[in-house]
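Contents: one structure, followed by commentary.
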Amino acid sequence: MLQQAIDFRDESEVLFELLQTKGDADFARTTQFKDWTVNDVLVHLHFWNQAADQSLNDPDGFMGLFNELSQSLASGTLRGFENSHVQDRSTALLTTWRSFYLDMAERWKNLDPKHRVKWAGPEMSVRSSATARQMETWAHGQEVFDLFGVQRQDHDRIKNIVVLGINTYEWGFKVRGMTAPKPMPFVKLIAPSGAVWTFGEESASTVSGSAVGFAQIVTQTRNVADTDINTEGEAAELWMKHAQCFAGPPETPPAPGARGISP
């Protein structure tokens, strides 16, 4: 069974539970992330959930969609392209989004985790694709929880996002034309359950704190200064400054104090 597909479903359900009692005016409210509205967040999540599913079931169709997206970006924006492909908004969009991710997760949980699917860059395993969908849902869900002033209750499934952050250690430097210091700093994190997770070999350079804080940094939902993450050594400090677990061009993390739970 593909556990990451179940974790993707459960992460989506947490966001759904927050939004199911909201009205149309709430979906039009602006978050702290690039002035995206809640509608923008759901459009983005639903569009790429569909794209990930299409990459499994219709690889040629997915490549056609990606080529269309690439051409569109030359004269438009990603937001505009996504909005043109997702028509629903507000509560109707919430229902559409949920129906699709529940169906997708049910089908994906029975897949071979090593099965390869096409994506915007190199092919990836369905395990990695499901992890990416969980990561996107968790990361963009953060701005929604922040907007409504709610502290999200995280679970140990966040380990998928932590591992993604570990595996993309070099990527955050590479995308900026930098060389990642070797070896990777030793990482020691406290899981939501209280378990201790460690990664890498013990060294003079370390990253420590909560798994949630680490995930917030690598997904760029918080500046490192606004988390409980501690760094020792230059390599660890540089990593937490440039960490980026998602694909695409280099993104600048939020400034200290720029993102947090609204009063």
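Labels used: A, B, ... for chains in the order of the structure tokens, numbers from 1 for residues in each chain, and numbers from 1 for ligands as shown.
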
* Excluding same-chain residues fewer than 3 positions from Arg79 in chain A, what lies within 8 Å of it counting only C-alpha atoms, as a PyMOL selection string? -> chain A and resi 40+44+82-83

Nearby residues (only C-alpha atoms) at most 8 Å from range 156-169 of chain A, same-chain spacing under 4 positions excluded, as a tab-separated table (two decimals) with N, CA, C and O atoms, in the first residue's frame:
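Output saved as selection12.tsv:
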```tsv
chain	number	residue	atom	x	y	z
A	4	GLN	N	2.02	7.16	1.28
A	4	GLN	CA	2.04	8.59	0.94
A	4	GLN	C	0.73	9.06	0.32
A	4	GLN	O	0.35	10.21	0.47
A	7	ASP	N	-1.49	9.63	3.24
A	7	ASP	CA	-1.06	10.86	3.93
A	7	ASP	C	-1.49	12.10	3.17
A	7	ASP	O	-1.88	13.11	3.77
A	131	THR	N	3.99	12.35	-2.39
A	131	THR	CA	4.63	13.19	-1.37
A	131	THR	C	4.57	14.65	-1.76
A	131	THR	O	4.30	15.53	-0.92
A	134	GLN	N	1.15	15.98	-1.05
A	134	GLN	CA	0.98	16.24	0.37
A	134	GLN	C	1.72	17.52	0.76
A	134	GLN	O	1.19	18.36	1.51
A	135	MET	N	2.95	17.67	0.28
A	135	MET	CA	3.75	18.85	0.62
A	135	MET	C	3.07	20.13	0.17
A	135	MET	O	2.99	21.11	0.93
A	173	PHE	N	20.73	24.97	-3.03
A	173	PHE	CA	21.96	25.68	-3.40
A	173	PHE	C	22.12	25.70	-4.93
A	173	PHE	O	22.42	26.75	-5.52
A	180	ALA	N	26.57	23.17	-2.67
A	180	ALA	CA	26.18	22.81	-1.31
A	180	ALA	C	27.38	22.37	-0.50
A	180	ALA	O	28.18	21.54	-0.96
A	184	MET	N	26.39	17.20	4.39
A	184	MET	CA	25.16	17.83	4.84
A	184	MET	C	25.17	17.91	6.36
A	184	MET	O	25.63	16.98	7.04
A	191	ALA	N	9.42	15.09	16.42
A	191	ALA	CA	8.17	14.87	15.69
A	191	ALA	C	6.99	15.37	16.51
A	191	ALA	O	7.09	15.54	17.73
A	192	PRO	N	5.85	15.61	15.88
A	192	PRO	CA	4.65	16.00	16.63
A	192	PRO	C	4.30	15.02	17.75
A	192	PRO	O	3.77	15.41	18.78
A	193	SER	N	4.63	13.73	17.56
A	193	SER	CA	4.34	12.72	18.57
A	193	SER	C	5.34	12.73	19.71
A	193	SER	O	5.12	12.06	20.73
A	199	PHE	N	18.91	12.62	10.90
A	199	PHE	CA	19.30	12.44	9.51
A	199	PHE	C	20.77	12.85	9.35
A	199	PHE	O	21.19	13.89	9.87
A	211	ALA	N	10.11	19.15	13.99
A	211	ALA	CA	9.90	18.73	12.60
A	211	ALA	C	9.01	19.73	11.87
A	211	ALA	O	9.20	19.99	10.68
A	212	VAL	N	8.04	20.31	12.58
A	212	VAL	CA	7.15	21.30	11.97
A	212	VAL	C	7.94	22.53	11.56
A	212	VAL	O	7.78	23.05	10.45
A	214	PHE	N	11.12	22.74	10.84
A	214	PHE	CA	11.97	22.39	9.69
A	214	PHE	C	11.15	22.37	8.42
A	214	PHE	O	11.57	22.91	7.38
A	215	ALA	N	9.96	21.75	8.47
A	215	ALA	CA	9.10	21.68	7.29
A	215	ALA	C	8.67	23.08	6.85
A	215	ALA	O	8.57	23.36	5.65
A	218	VAL	N	11.74	24.56	4.86
A	218	VAL	CA	12.04	24.00	3.54
A	218	VAL	C	10.92	24.25	2.54
A	218	VAL	O	11.15	24.24	1.33
A	219	THR	N	9.69	24.46	3.04
A	219	THR	CA	8.59	24.80	2.15
A	219	THR	C	8.40	26.32	2.03
A	219	THR	O	7.51	26.78	1.31
A	239	TRP	N	22.09	26.66	4.73
A	239	TRP	CA	21.02	25.77	4.29
A	239	TRP	C	19.66	26.32	4.67
A	239	TRP	O	18.76	26.43	3.84
A	243	ALA	N	17.00	27.05	1.86
A	243	ALA	CA	16.28	25.79	1.66
A	243	ALA	C	15.06	25.98	0.76
A	243	ALA	O	14.32	26.97	0.87
A	244	GLN	N	14.86	25.00	-0.13
A	244	GLN	CA	13.73	25.04	-1.06
A	244	GLN	C	13.46	23.61	-1.51
A	244	GLN	O	14.22	23.07	-2.31
A	245	CYS	N	12.41	23.01	-1.00
A	245	CYS	CA	12.16	21.59	-1.31
A	245	CYS	C	11.31	21.40	-2.55
A	245	CYS	O	11.01	20.27	-2.92
```

* To do: Going by DSSP on the backbone, which bits of range 57-220 of chain A are strand (DSSP E or B)? Write them as a list in words, please.
  => Arg116, Val117, Met124, Ser125, Phe186, Val187, Lys188, Leu189, Ile190, Val196, Trp197, Thr198, Phe199, Thr206, Val207, Ser208, Gly209 and Ser210 of chain A

* Just the helix (DSSP H, G or I) stuff from range 85-209 of chain A, please, per backbone DSSP, written as a count of residues only. => 60

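Each of A:Arg259, A:Lys118, A:Arg107, A:His155 was checked against Asp60 in chain A using only C-alpha atoms; the smallest atom-to-atom distance is that of A:Lys118.
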
* For CA of Glu201 in chain A and CA of Ser125 in chain A, quote the distance in Å rounded to one decimal. => 26.5 Å

* Could you pull the residues within 9 Å of His140 in chain A, counting only C-alpha atoms, minus those fewer than 6 positions along the same chain, as a list in words? -> Phe33, Val41, Leu42, Leu45 and Thr221 of chain A

Excluding range 111-114 of chain A and residues on its chain fewer than 2 positions from it, collect all residues at most 6 Å away from it, counting only C-alpha atoms, and give them as an mmCIF file with all heavy atoms, in the first residue's frame.
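See out-v6.cif below for the written result:
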```
data_model
loop_
_atom_site.group_PDB
_atom_site.id
_atom_site.type_symbol
_atom_site.label_atom_id
_atom_site.label_comp_id
_atom_site.auth_asym_id
_atom_site.auth_seq_id
_atom_site.Cartn_x
_atom_site.Cartn_y
_atom_site.Cartn_z
ATOM 1 N N LEU A 2 0.487 2.237 -0.785
ATOM 2 C CA LEU A 2 1.256 3.480 -0.877
ATOM 3 C C LEU A 2 0.813 4.419 0.250
ATOM 4 O O LEU A 2 -0.191 5.123 0.130
ATOM 5 C CB LEU A 2 1.036 4.119 -2.249
ATOM 6 C CG LEU A 2 1.800 5.418 -2.536
ATOM 7 C CD1 LEU A 2 3.302 5.205 -2.485
ATOM 8 C CD2 LEU A 2 1.396 5.975 -3.900
ATOM 9 N N TRP A 108 -4.641 5.703 -5.943
ATOM 10 C CA TRP A 108 -3.182 5.737 -5.839
ATOM 11 C C TRP A 108 -2.644 4.854 -4.720
ATOM 12 O O TRP A 108 -1.511 4.388 -4.798
ATOM 13 C CB TRP A 108 -2.700 7.180 -5.652
ATOM 14 C CG TRP A 108 -2.584 7.950 -6.930
ATOM 15 C CD1 TRP A 108 -3.540 8.106 -7.880
ATOM 16 C CD2 TRP A 108 -1.438 8.669 -7.392
ATOM 17 N NE1 TRP A 108 -3.068 8.897 -8.906
ATOM 18 C CE2 TRP A 108 -1.783 9.252 -8.628
ATOM 19 C CE3 TRP A 108 -0.175 8.902 -6.871
ATOM 20 C CZ2 TRP A 108 -0.881 10.038 -9.357
ATOM 21 C CZ3 TRP A 108 0.732 9.677 -7.586
ATOM 22 C CH2 TRP A 108 0.369 10.241 -8.832
ATOM 23 N N LYS A 109 -3.437 4.615 -3.680
ATOM 24 C CA LYS A 109 -2.909 3.854 -2.539
ATOM 25 C C LYS A 109 -2.570 2.417 -2.922
ATOM 26 O O LYS A 109 -1.811 1.744 -2.205
ATOM 27 C CB LYS A 109 -3.900 3.879 -1.376
ATOM 28 C CG LYS A 109 -5.147 3.037 -1.573
ATOM 29 C CD LYS A 109 -6.059 3.112 -0.357
ATOM 30 C CE LYS A 109 -7.255 2.178 -0.486
ATOM 31 N NZ LYS A 109 -8.164 2.270 0.680
ATOM 32 N N SER A 125 8.903 8.786 -9.158
ATOM 33 C CA SER A 125 8.099 7.662 -8.718
ATOM 34 C C SER A 125 6.745 8.175 -8.240
ATOM 35 O O SER A 125 6.597 9.349 -7.877
ATOM 36 C CB SER A 125 8.801 6.923 -7.571
ATOM 37 O OG SER A 125 8.865 7.748 -6.414
ATOM 38 N N VAL A 126 5.751 7.300 -8.205
ATOM 39 C CA VAL A 126 4.452 7.724 -7.691
ATOM 40 C C VAL A 126 4.545 8.031 -6.202
ATOM 41 O O VAL A 126 3.775 8.854 -5.681
ATOM 42 C CB VAL A 126 3.338 6.685 -7.967
ATOM 43 C CG1 VAL A 126 3.078 6.557 -9.445
ATOM 44 C CG2 VAL A 126 3.661 5.338 -7.348
ATOM 45 N N ARG A 127 5.493 7.397 -5.495
ATOM 46 C CA ARG A 127 5.711 7.748 -4.093
ATOM 47 C C ARG A 127 6.124 9.215 -3.978
ATOM 48 O O ARG A 127 5.590 9.967 -3.146
ATOM 49 C CB ARG A 127 6.774 6.862 -3.465
ATOM 50 C CG ARG A 127 7.087 7.247 -2.014
ATOM 51 C CD ARG A 127 8.308 6.545 -1.477
ATOM 52 N NE ARG A 127 8.043 5.159 -1.130
ATOM 53 C CZ ARG A 127 8.615 4.113 -1.707
ATOM 54 N NH1 ARG A 127 9.489 4.299 -2.694
ATOM 55 N NH2 ARG A 127 8.328 2.891 -1.332
#
```
